[in-house]
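S.K.: Provided below: entry32.cif, containing mmCIF, C-alpha atoms.
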```
data_run
#
loop_
_atom_site.label_atom_id
_atom_site.label_comp_id
_atom_site.auth_asym_id
_atom_site.auth_seq_id
_atom_site.Cartn_x
_atom_site.Cartn_y
_atom_site.Cartn_z
CA MET W 1 7.90 5.07 5.93
CA SER W 2 9.03 2.46 3.38
CA THR W 3 8.91 -1.12 4.62
CA ILE W 4 12.20 -2.98 4.43
CA ASN W 5 11.89 -6.72 4.88
CA PHE W 6 15.42 -7.93 5.54
CA ALA W 7 14.45 -11.59 5.71
CA ALA W 8 12.62 -11.58 2.37
CA ARG W 9 15.11 -9.04 1.00
CA GLU W 10 12.42 -6.65 -0.16
CA ILE W 11 11.96 -2.89 -0.06
CA ASN W 12 8.30 -1.93 -0.34
CA PHE W 13 6.74 1.43 -1.07
CA LYS W 14 3.12 2.53 -0.94
CA ILE W 15 1.98 5.03 -3.57
CA VAL W 16 -1.53 6.46 -3.43
CA TYR W 17 -3.51 8.02 -6.28
CA TYR W 18 -5.66 10.76 -4.75
CA GLY W 19 -8.09 13.25 -6.30
CA PRO W 20 -11.74 14.15 -6.73
CA GLY W 21 -14.39 11.69 -7.89
CA LEU W 22 -14.24 10.68 -11.56
CA SER W 23 -10.88 12.40 -12.13
CA GLY W 24 -9.39 9.16 -13.51
CA LYS W 25 -7.55 7.49 -10.62
CA THR W 26 -8.84 3.99 -11.37
CA THR W 27 -8.26 4.57 -15.10
CA ASN W 28 -4.60 5.25 -14.31
CA LEU W 29 -4.24 1.94 -12.49
CA LYS W 30 -6.07 0.03 -15.21
CA MET W 31 -3.78 1.52 -17.87
CA ILE W 32 -0.67 0.73 -15.82
CA TYR W 33 -1.92 -2.82 -15.36
CA GLU W 34 -2.45 -3.18 -19.13
CA ARG W 35 0.94 -1.76 -20.13
CA VAL W 36 3.32 -3.19 -17.54
CA PRO W 37 4.86 -6.56 -18.53
CA GLY W 38 3.34 -9.60 -16.85
CA ASP W 39 6.39 -10.50 -14.78
CA SER W 40 6.49 -7.01 -13.22
CA LYS W 41 2.94 -6.87 -11.91
CA GLY W 42 0.67 -8.78 -9.58
CA GLU W 43 -3.09 -9.08 -9.55
CA MET W 44 -5.15 -5.90 -9.61
CA VAL W 45 -7.82 -5.76 -6.92
CA SER W 46 -10.76 -3.37 -7.21
CA LEU W 47 -13.31 -2.86 -4.47
CA ALA W 48 -15.97 -1.02 -6.43
CA THR W 49 -19.72 -0.52 -6.51
CA GLU W 50 -21.88 -2.13 -9.21
CA ASP W 51 -21.60 1.00 -11.34
CA GLU W 52 -17.81 0.77 -11.12
CA ARG W 53 -17.26 3.64 -8.71
CA THR W 54 -14.45 2.95 -6.25
CA LEU W 55 -15.94 1.93 -2.93
CA PHE W 56 -12.82 1.32 -0.84
CA PHE W 57 -9.71 1.18 -3.04
CA ASP W 58 -8.02 -0.28 -6.11
CA PHE W 59 -4.71 -2.04 -5.58
CA LEU W 60 -1.92 -2.99 -7.96
CA PRO W 61 1.49 -4.37 -6.88
CA LEU W 62 4.46 -3.66 -9.18
CA ASP W 63 7.96 -5.15 -9.09
CA LEU W 64 10.65 -2.72 -10.14
CA GLY W 65 13.42 -5.31 -10.02
CA THR W 66 16.33 -6.29 -7.80
CA VAL W 67 19.08 -3.91 -6.68
CA ASN W 68 21.92 -4.97 -4.39
CA GLY W 69 20.05 -8.19 -3.70
CA PHE W 70 16.89 -6.42 -2.57
CA LYS W 71 13.68 -6.68 -4.56
CA THR W 72 12.11 -3.22 -4.91
CA ARG W 73 8.33 -3.15 -5.04
CA PHE W 74 5.61 -0.53 -5.33
CA HIS W 75 2.09 -1.04 -4.08
CA LEU W 76 -0.23 1.33 -5.94
CA TYR W 77 -3.57 2.30 -4.40
CA THR W 78 -6.41 4.58 -5.41
CA VAL W 79 -8.82 6.15 -2.96
CA PRO W 80 -12.56 6.57 -3.51
CA GLY W 81 -13.01 10.15 -4.74
CA GLN W 82 -16.61 10.69 -3.74
CA VAL W 83 -16.86 13.16 -0.87
CA PHE W 84 -18.77 10.88 1.50
CA TYR W 85 -16.10 8.14 1.49
CA ASN W 86 -13.64 10.14 3.57
CA SER W 87 -13.23 7.44 6.22
CA SER W 88 -11.96 5.06 3.54
CA ARG W 89 -9.61 7.67 2.11
CA LYS W 90 -8.10 8.22 5.52
CA LEU W 91 -7.47 4.49 6.01
CA ILE W 92 -5.74 4.12 2.65
CA LEU W 93 -3.29 6.91 3.49
CA ARG W 94 -1.82 4.92 6.37
CA GLY W 95 1.89 4.41 5.72
CA VAL W 96 1.86 6.30 2.39
CA ASP W 97 5.28 6.87 0.79
CA GLY W 98 4.27 8.86 -2.29
CA ILE W 99 1.20 10.54 -3.79
CA VAL W 100 -0.02 11.15 -7.34
CA PHE W 101 -2.77 13.77 -7.19
CA VAL W 102 -5.05 13.29 -10.21
CA ALA W 103 -6.76 16.58 -11.10
CA ASP W 104 -9.70 16.91 -13.48
CA SER W 105 -9.41 19.50 -16.28
CA ALA W 106 -13.16 20.10 -16.60
CA PRO W 107 -14.12 23.72 -15.77
CA ASN W 108 -16.82 22.62 -13.34
CA ARG W 109 -14.33 20.45 -11.39
CA LEU W 110 -11.81 23.13 -10.47
CA ARG W 111 -13.38 23.58 -7.06
CA ALA W 112 -13.60 19.80 -6.54
CA ASN W 113 -9.86 19.56 -7.28
CA ALA W 114 -9.07 22.22 -4.68
CA GLU W 115 -11.38 20.64 -2.10
CA SER W 116 -9.87 17.21 -2.66
CA LEU W 117 -6.37 18.60 -2.15
CA ARG W 118 -7.49 20.31 1.05
CA ASN W 119 -9.05 17.02 2.16
CA LEU W 120 -5.75 15.24 1.41
CA ARG W 121 -3.84 17.69 3.61
CA GLU W 122 -6.37 17.25 6.42
CA ASN W 123 -6.29 13.46 6.23
CA LEU W 124 -2.49 13.38 6.22
CA LEU W 125 -2.48 15.46 9.39
CA GLU W 126 -4.36 12.62 11.10
CA TYR W 127 -1.12 10.63 10.66
CA ASP W 128 0.96 13.66 11.63
CA LEU W 129 2.15 14.00 8.03
CA ARG W 130 2.42 17.10 5.87
CA LEU W 131 2.08 17.04 2.09
CA SER W 132 5.26 19.10 1.75
CA GLU W 133 7.20 16.26 3.42
CA ILE W 134 5.93 13.51 1.13
CA PRO W 135 7.03 12.78 -2.46
CA TYR W 136 4.13 14.15 -4.44
CA VAL W 137 3.33 14.90 -8.10
CA LEU W 138 0.34 16.35 -9.94
CA GLN W 139 -1.29 14.72 -12.92
CA ILE W 140 -3.61 17.09 -14.78
CA ASN W 141 -5.92 14.62 -16.47
CA LYS W 142 -8.56 14.81 -19.20
CA ARG W 143 -6.60 17.27 -21.32
CA ASP W 144 -8.68 16.12 -24.31
CA LEU W 145 -11.88 17.76 -23.03
CA ASP W 146 -13.17 20.47 -25.42
CA GLU W 147 -13.51 22.97 -22.62
CA ALA W 148 -10.51 21.85 -20.58
CA LEU W 149 -9.15 24.62 -18.40
CA PRO W 150 -5.57 25.65 -19.15
CA SER W 151 -3.07 23.47 -17.25
CA ASP W 152 -1.41 26.59 -15.84
CA MET W 153 -4.67 27.73 -14.29
CA ILE W 154 -5.20 24.37 -12.57
CA ARG W 155 -1.60 24.32 -11.38
CA LYS W 156 -1.91 27.83 -9.95
CA VAL W 157 -4.89 26.73 -7.90
CA LEU W 158 -3.35 23.47 -6.68
CA ASP W 159 0.29 24.47 -6.47
CA PRO W 160 0.66 28.27 -6.45
CA SER W 161 4.41 28.09 -5.82
CA GLY W 162 4.92 25.88 -8.90
CA GLU W 163 7.23 23.53 -7.00
CA VAL W 164 5.36 20.28 -7.52
CA PRO W 165 6.19 18.30 -10.69
CA ALA W 166 3.10 18.35 -12.93
CA PHE W 167 2.17 16.19 -15.89
CA ASP W 168 -0.59 16.67 -18.48
CA ALA W 169 -2.48 13.47 -19.20
CA VAL W 170 -5.29 11.76 -21.04
CA ALA W 171 -5.23 8.64 -18.91
CA ALA W 172 -7.99 6.93 -20.90
CA ARG W 173 -5.68 7.03 -23.95
CA PHE W 174 -2.59 6.11 -21.94
CA GLU W 175 -1.09 9.56 -22.39
CA GLY W 176 0.80 10.89 -19.37
CA VAL W 177 0.18 7.79 -17.24
CA PHE W 178 3.69 6.41 -16.74
CA GLU W 179 5.35 9.83 -16.40
CA PRO W 180 3.85 10.85 -13.03
CA LEU W 181 4.32 7.33 -11.67
CA ARG W 182 7.91 7.37 -12.77
CA GLY W 183 8.34 10.82 -11.22
CA VAL W 184 6.92 9.91 -7.82
CA SER W 185 8.75 6.55 -7.79
CA ARG W 186 12.03 8.34 -8.34
CA MET W 187 11.23 10.75 -5.53
CA VAL W 188 10.42 8.01 -3.01
CA LEU W 189 13.61 6.13 -3.91
CA GLU W 190 15.65 9.34 -3.50
CA LYS W 191 14.03 9.99 -0.15
CA LEU W 192 14.90 6.51 1.05
CA ALA W 193 18.52 6.92 -0.06
CA GLN W 194 18.75 10.27 1.74
CA LYS W 195 17.37 8.87 4.99
CA ALA W 196 19.64 5.85 5.07
CA MET U 1 17.78 5.70 10.18
CA LEU U 2 15.06 4.07 8.18
CA GLU U 3 11.56 3.80 9.53
CA PRO U 4 10.30 0.35 8.64
CA SER U 5 7.03 -0.39 10.38
CA ILE U 6 8.32 -3.79 11.40
CA ASP U 7 11.69 -5.47 11.08
CA LEU U 8 11.85 -9.22 11.40
CA TYR U 9 15.14 -10.89 10.64
CA GLY U 10 17.78 -13.27 11.92
CA ALA U 11 17.04 -15.64 14.77
CA ALA U 12 13.74 -13.92 15.64
CA HIS U 13 12.58 -14.46 12.07
CA ALA U 14 13.41 -18.16 12.33
CA ARG U 15 11.56 -18.47 15.65
CA VAL U 16 8.45 -16.73 14.32
CA ARG U 17 8.53 -18.99 11.25
CA GLU U 18 8.68 -21.96 13.60
CA ARG U 19 5.66 -20.60 15.58
CA LEU U 20 3.70 -20.27 12.34
CA GLY U 21 4.60 -23.85 11.41
CA GLU U 22 3.35 -25.11 14.79
CA LEU U 23 0.18 -23.08 14.44
CA LEU U 24 -0.52 -24.63 11.04
CA GLU U 25 0.12 -28.14 12.33
CA ARG U 26 -1.76 -27.92 15.63
CA GLY U 27 -4.60 -25.74 14.36
CA ARG U 28 -4.89 -27.68 11.09
CA ALA U 29 -4.92 -24.41 9.18
CA ARG U 30 -3.86 -23.86 5.57
CA TYR U 31 -1.83 -20.67 5.70
CA ALA U 32 -0.49 -18.36 8.39
CA LEU U 33 0.94 -14.92 7.74
CA VAL U 34 2.42 -12.01 9.60
CA VAL U 35 1.48 -8.83 7.73
CA ASP U 36 2.14 -5.23 8.62
CA ARG U 37 -0.72 -2.76 9.05
CA LYS U 38 0.16 -1.16 5.71
CA GLY U 39 -0.65 -4.42 3.93
CA PHE U 40 2.82 -5.83 3.26
CA VAL U 41 3.61 -9.49 3.89
CA ILE U 42 6.35 -9.86 6.50
CA LEU U 43 6.36 -13.65 6.73
CA HIS U 44 4.14 -16.49 5.57
CA ALA U 45 3.86 -20.25 5.96
CA ARG U 46 1.86 -22.89 4.13
CA ALA U 47 0.70 -26.21 5.56
CA LEU U 48 2.03 -29.39 4.03
CA GLY U 49 -0.36 -30.44 1.27
CA ALA U 50 -2.27 -27.15 1.22
CA PRO U 51 -3.09 -25.87 -2.27
CA LYS U 52 -1.07 -23.00 -3.73
CA PRO U 53 -2.31 -19.83 -2.03
CA PRO U 54 -3.86 -16.93 -3.94
CA SER U 55 -1.83 -13.74 -4.35
CA LEU U 56 -0.37 -13.02 -0.92
CA ASP U 57 -0.04 -9.32 -1.79
CA SER U 58 -3.78 -9.15 -2.42
CA LEU U 59 -4.54 -11.15 0.72
CA ALA U 60 -2.34 -8.99 2.94
CA THR U 61 -3.68 -5.75 1.49
CA LEU U 62 -7.30 -6.81 1.88
CA VAL U 63 -6.78 -8.11 5.42
CA ALA U 64 -4.92 -4.99 6.57
CA SER U 65 -7.50 -2.67 5.00
CA ASN U 66 -10.37 -4.71 6.40
CA HIS U 67 -8.79 -4.62 9.83
CA SER U 68 -8.43 -0.83 9.62
CA ALA U 69 -12.06 -0.53 8.55
CA ASN U 70 -13.15 -2.74 11.45
CA ALA U 71 -11.13 -0.61 13.86
CA ALA U 72 -12.90 2.47 12.50
CA ILE U 73 -16.25 0.76 13.19
CA ALA U 74 -15.14 -0.02 16.76
CA ASN U 75 -14.06 3.60 17.16
CA LEU U 76 -17.58 4.72 16.29
CA PHE U 77 -18.68 2.98 19.47
CA GLY U 78 -15.85 4.30 21.56
CA ASP U 79 -13.76 1.13 21.44
CA ALA U 80 -10.11 1.22 20.38
CA GLY U 81 -10.61 -1.68 17.96
CA PHE U 82 -11.48 -5.34 17.61
CA ARG U 83 -8.54 -7.35 18.90
CA GLU U 84 -9.50 -10.42 16.87
CA VAL U 85 -11.71 -10.85 13.83
CA VAL U 86 -13.13 -14.14 12.55
CA GLN U 87 -14.74 -14.62 9.15
CA GLN U 88 -16.25 -17.89 8.01
CA GLY U 89 -17.48 -18.84 4.56
CA SER U 90 -18.81 -22.19 3.41
CA ASP U 91 -15.34 -23.57 2.57
CA VAL U 92 -12.83 -21.14 3.98
CA GLY U 93 -12.37 -18.93 7.00
CA THR U 94 -9.92 -16.35 8.25
CA TYR U 95 -8.83 -15.44 11.75
CA VAL U 96 -6.98 -12.17 12.33
CA GLU U 97 -5.37 -11.05 15.57
CA GLU U 98 -3.33 -7.95 16.34
CA LEU U 99 0.39 -8.35 17.00
CA GLY U 100 0.96 -5.02 18.69
CA PRO U 101 0.71 -1.66 16.96
CA ASP U 102 2.37 -2.59 13.67
CA ALA U 103 1.43 -6.09 12.60
CA LEU U 104 -1.32 -8.67 12.29
CA LEU U 105 -1.41 -12.44 12.47
CA VAL U 106 -3.59 -13.91 9.72
CA VAL U 107 -4.70 -17.55 9.70
CA VAL U 108 -6.58 -19.07 6.76
CA PHE U 109 -8.37 -22.34 7.38
CA ASP U 110 -10.83 -24.66 5.66
CA GLY U 111 -13.52 -27.11 6.76
CA GLY U 112 -10.89 -29.47 8.17
CA ALA U 113 -10.32 -27.11 11.10
CA THR U 114 -12.65 -25.93 13.84
CA ILE U 115 -12.75 -22.29 14.81
CA GLY U 116 -12.20 -23.15 18.46
CA ARG U 117 -9.03 -25.01 17.65
CA ILE U 118 -7.83 -22.23 15.38
CA LYS U 119 -8.44 -19.59 18.04
CA VAL U 120 -6.63 -21.49 20.79
CA HIS U 121 -3.52 -22.07 18.72
CA ALA U 122 -3.58 -18.67 17.00
CA GLN U 123 -3.84 -16.86 20.32
CA ARG U 124 -0.92 -18.83 21.71
CA ALA U 125 1.16 -18.14 18.60
CA ALA U 126 0.17 -14.45 18.70
CA ARG U 127 1.37 -14.13 22.32
CA GLU U 128 4.74 -15.64 21.43
CA ILE U 129 5.13 -13.56 18.27
CA ARG U 130 4.23 -10.37 20.13
CA ASP U 131 7.04 -11.14 22.58
CA GLU U 132 9.47 -11.69 19.71
CA LEU U 133 8.49 -8.39 18.08
CA ALA U 134 8.71 -6.53 21.38
CA GLY U 135 12.23 -7.93 21.90
CA LEU U 136 13.28 -6.66 18.48
CA ARG U 137 12.45 -3.04 19.34
CA ASP U 138 15.53 -2.87 21.55
CA ILE U 139 17.86 -4.19 18.84
CA GLU U 140 19.25 -2.01 16.11
CA ALA U 141 18.10 -3.13 12.66
CA PRO U 142 20.66 -4.02 10.01
CA SER U 143 21.62 -1.09 7.83
CA LEU U 144 21.47 -0.82 4.07
CA ASP U 145 23.94 1.06 1.94
CA PHE U 146 22.18 3.27 -0.59
CA ASP U 147 25.19 4.53 -2.49
CA GLU U 148 25.38 6.10 -5.94
CA GLY U 149 25.45 2.66 -7.50
CA TRP U 150 22.10 1.89 -5.92
CA THR U 151 20.61 5.14 -7.25
CA GLU U 152 21.95 4.45 -10.75
CA SER U 153 20.60 0.93 -10.71
CA THR U 154 17.11 2.00 -9.62
CA GLU U 155 17.16 4.69 -12.30
CA LYS U 156 17.87 2.06 -14.93
CA LEU U 157 15.10 -0.14 -13.60
CA LEU U 158 12.66 2.78 -13.75
CA ASP U 159 13.71 3.35 -17.37
CA GLY U 160 13.13 -0.31 -18.09
CA LEU U 161 9.68 -0.39 -16.53
CA PHE U 162 8.28 3.01 -17.50
CA GLY U 163 10.54 4.12 -20.34
CA PRO U 164 13.30 6.75 -20.26
CA ARG U 165 12.40 10.01 -18.52
CA ASP U 166 12.46 12.16 -21.66
CA ALA U 167 10.81 9.63 -23.96
#
```
Can you dump the structure from the file as structure tokens?
M.R.:
Amino acid sequence: MSTINFAAREINFKIVYYGPGLSGKTTNLKMIYERVPGDSKGEMVSLATEDERTLFFDFLPLDLGTVNGFKTRFHLYTVPGQVFYNSSRKLILRGVDGIVFVADSAPNRLRANAESLRNLRENLLEYDLRLSEIPYVLQINKRDLDEALPSDMIRKVLDPSGEVPAFDAVAARFEGVFEPLRGVSRMVLEKLAQKA
Amino acid sequence: MLEPSIDLYGAAHARVRERLGELLERGRARYALVVDRKGFVILHARALGAPKPPSLDSLATLVASNHSANAAIANLFGDAGFREVVQQGSDVGTYVEELGPDALLVVVFDGGATIGRIKVHAQRAAREIRDELAGLRDIEAPSLDFDEGWTESTEKLLDGLFGPRDA
């Protein structure tokens, strides 16, 4: 699925942050934008409502660097988490190479996490894709909440087999933000190398 | 075998670049781009004397997403999509036309161009570029060697950008 531009000597990957509304997807991108050096990032674009809820998507291009003469780039996207924006979520998944699923640790969001993951599977099927075939990691966000559910409980709901790499995070404090991105980036690069 | 959505290289790349140059000159447009439906820039050209363009990544992403959203609107009415989309502001306009299933032609123009002129030349360029892309489907794309050295190098770059894995 990666786009290789032989003329421009670029390899491009699309990574999508998915998850329920208010789980912290946009916060992840904002933190990445703040912490990545200026020469490794492009402009961040946010299509949001006036109250800063994602309307269509957030977008952040990152340059990893050049290997064997090819520039390697990641385009990071978030989807709108609110249930009624499913058409937009579906569009953003077109051509996805890797997914970071951002789960919310709040007790009253456990069901929303599960429903969002089910929605992700359904939307991928529209492109004839299965989640098990795509590089995918879990970020369990908002670990600083007083009543945060145990990470293990959230993992058991979202990934009963325990096969998906999972990372605890407090994205608003830049804790556990780079780790899942690094994890999924590594997985998409490995997948490309295997397919070549 | 890799699965790039569109491969444009070699002589075909040069010919498409030439088509974009002609489009800019004859249509009096500022910028012309070929972008893939995922929002990646495949090729771009800038008219002589045109100001430095904004971020092409942002432009390509917004155009591709907008085009997908427009197609979804067309689908609501039972149409497969809008083959061409024109947007005009007070100082700048965009014209987008499909280049087959994988790519879009994007033309950005200002008040110095008329929409009629843009459409005529963009449609002609789009026809020629579609033919070029169709011809490429029968040719095997160049291959890339992703050996251990490549994996090690990307690993180091990931460490450099995001910090070592166990940090």
S.K.: When you get a sec, could you note down which chain W residues fall within 6 Å of chain U, using only C-alpha atoms, as a list in words?
M.R.: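 Within 6 Å of chain U on chain W, we get Met1, Ser2, Thr3, Ile4, Phe6, Ala7, Gly95, Phe178, Ala193 and Ala196 of chain W.
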S.K.: Could you give me, as a PyMOL selection string, the residues within 8 Å of stretch 126-143 of chain W, counting all atoms listed in the file and dropping anything in the same chain fewer than 2 positions from it?
M.R.: chain W and resi 23-24+94+97-106+121-124+145+148+151+154+164-171+176+180+183-184+187-188+191
S.K.: Of the residues U:Leu23, U:Val34, U:Ala126, U:Val85, which is the one nearest to W:Asn5, using only C-alpha atoms?
M.R.: U:Val34
S.K.: For stretch 40-43 of chain W, find every residue with an atom within 10 Å (counting all atoms listed in the file), except residues of its own chain fewer than 5 positions away, and show them as a compact mmCIF listing (two decimals) with C-alpha atoms, keeping the file's coordinate frame.
M.R.:
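Generated file (around_35.txt):
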```txt
# COMPACT_ATOMS: atom_id res chain seq x y z
CA ILE W 32 -0.67 0.73 -15.82
CA TYR W 33 -1.92 -2.82 -15.36
CA GLU W 34 -2.45 -3.18 -19.13
CA ARG W 35 0.94 -1.76 -20.13
CA PHE W 59 -4.71 -2.04 -5.58
CA LEU W 60 -1.92 -2.99 -7.96
CA PRO W 61 1.49 -4.37 -6.88
CA LEU W 62 4.46 -3.66 -9.18
CA ASP W 63 7.96 -5.15 -9.09
CA LEU W 64 10.65 -2.72 -10.14
CA GLY W 65 13.42 -5.31 -10.02
CA ARG W 73 8.33 -3.15 -5.04
CA PHE W 74 5.61 -0.53 -5.33
CA HIS W 75 2.09 -1.04 -4.08
CA PRO U 54 -3.86 -16.93 -3.94
CA SER U 55 -1.83 -13.74 -4.35
CA LEU U 56 -0.37 -13.02 -0.92
CA ASP U 57 -0.04 -9.32 -1.79
CA SER U 58 -3.78 -9.15 -2.42
CA LEU U 161 9.68 -0.39 -16.53
```
S.K.: With all atoms listed in the file as the atoms that count, which of W:Leu120, W:Ala172, W:Ala112, W:Leu192 lies nearest to W:Leu93?
M.R.: W:Leu120
S.K.: Rounded to one decimal in Å, what is the spacing between atom CA of W:Met44 and atom CA of W:Thr78?
M.R.: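 Those two atoms sit 11.4 Å apart.
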S.K.: If I take atom CA of U:Ala50 and atom CA of U:Tyr31, how far is one from the other in Å, to one decimal?
M.R.: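 Interatomic distance here is 7.9 Å.
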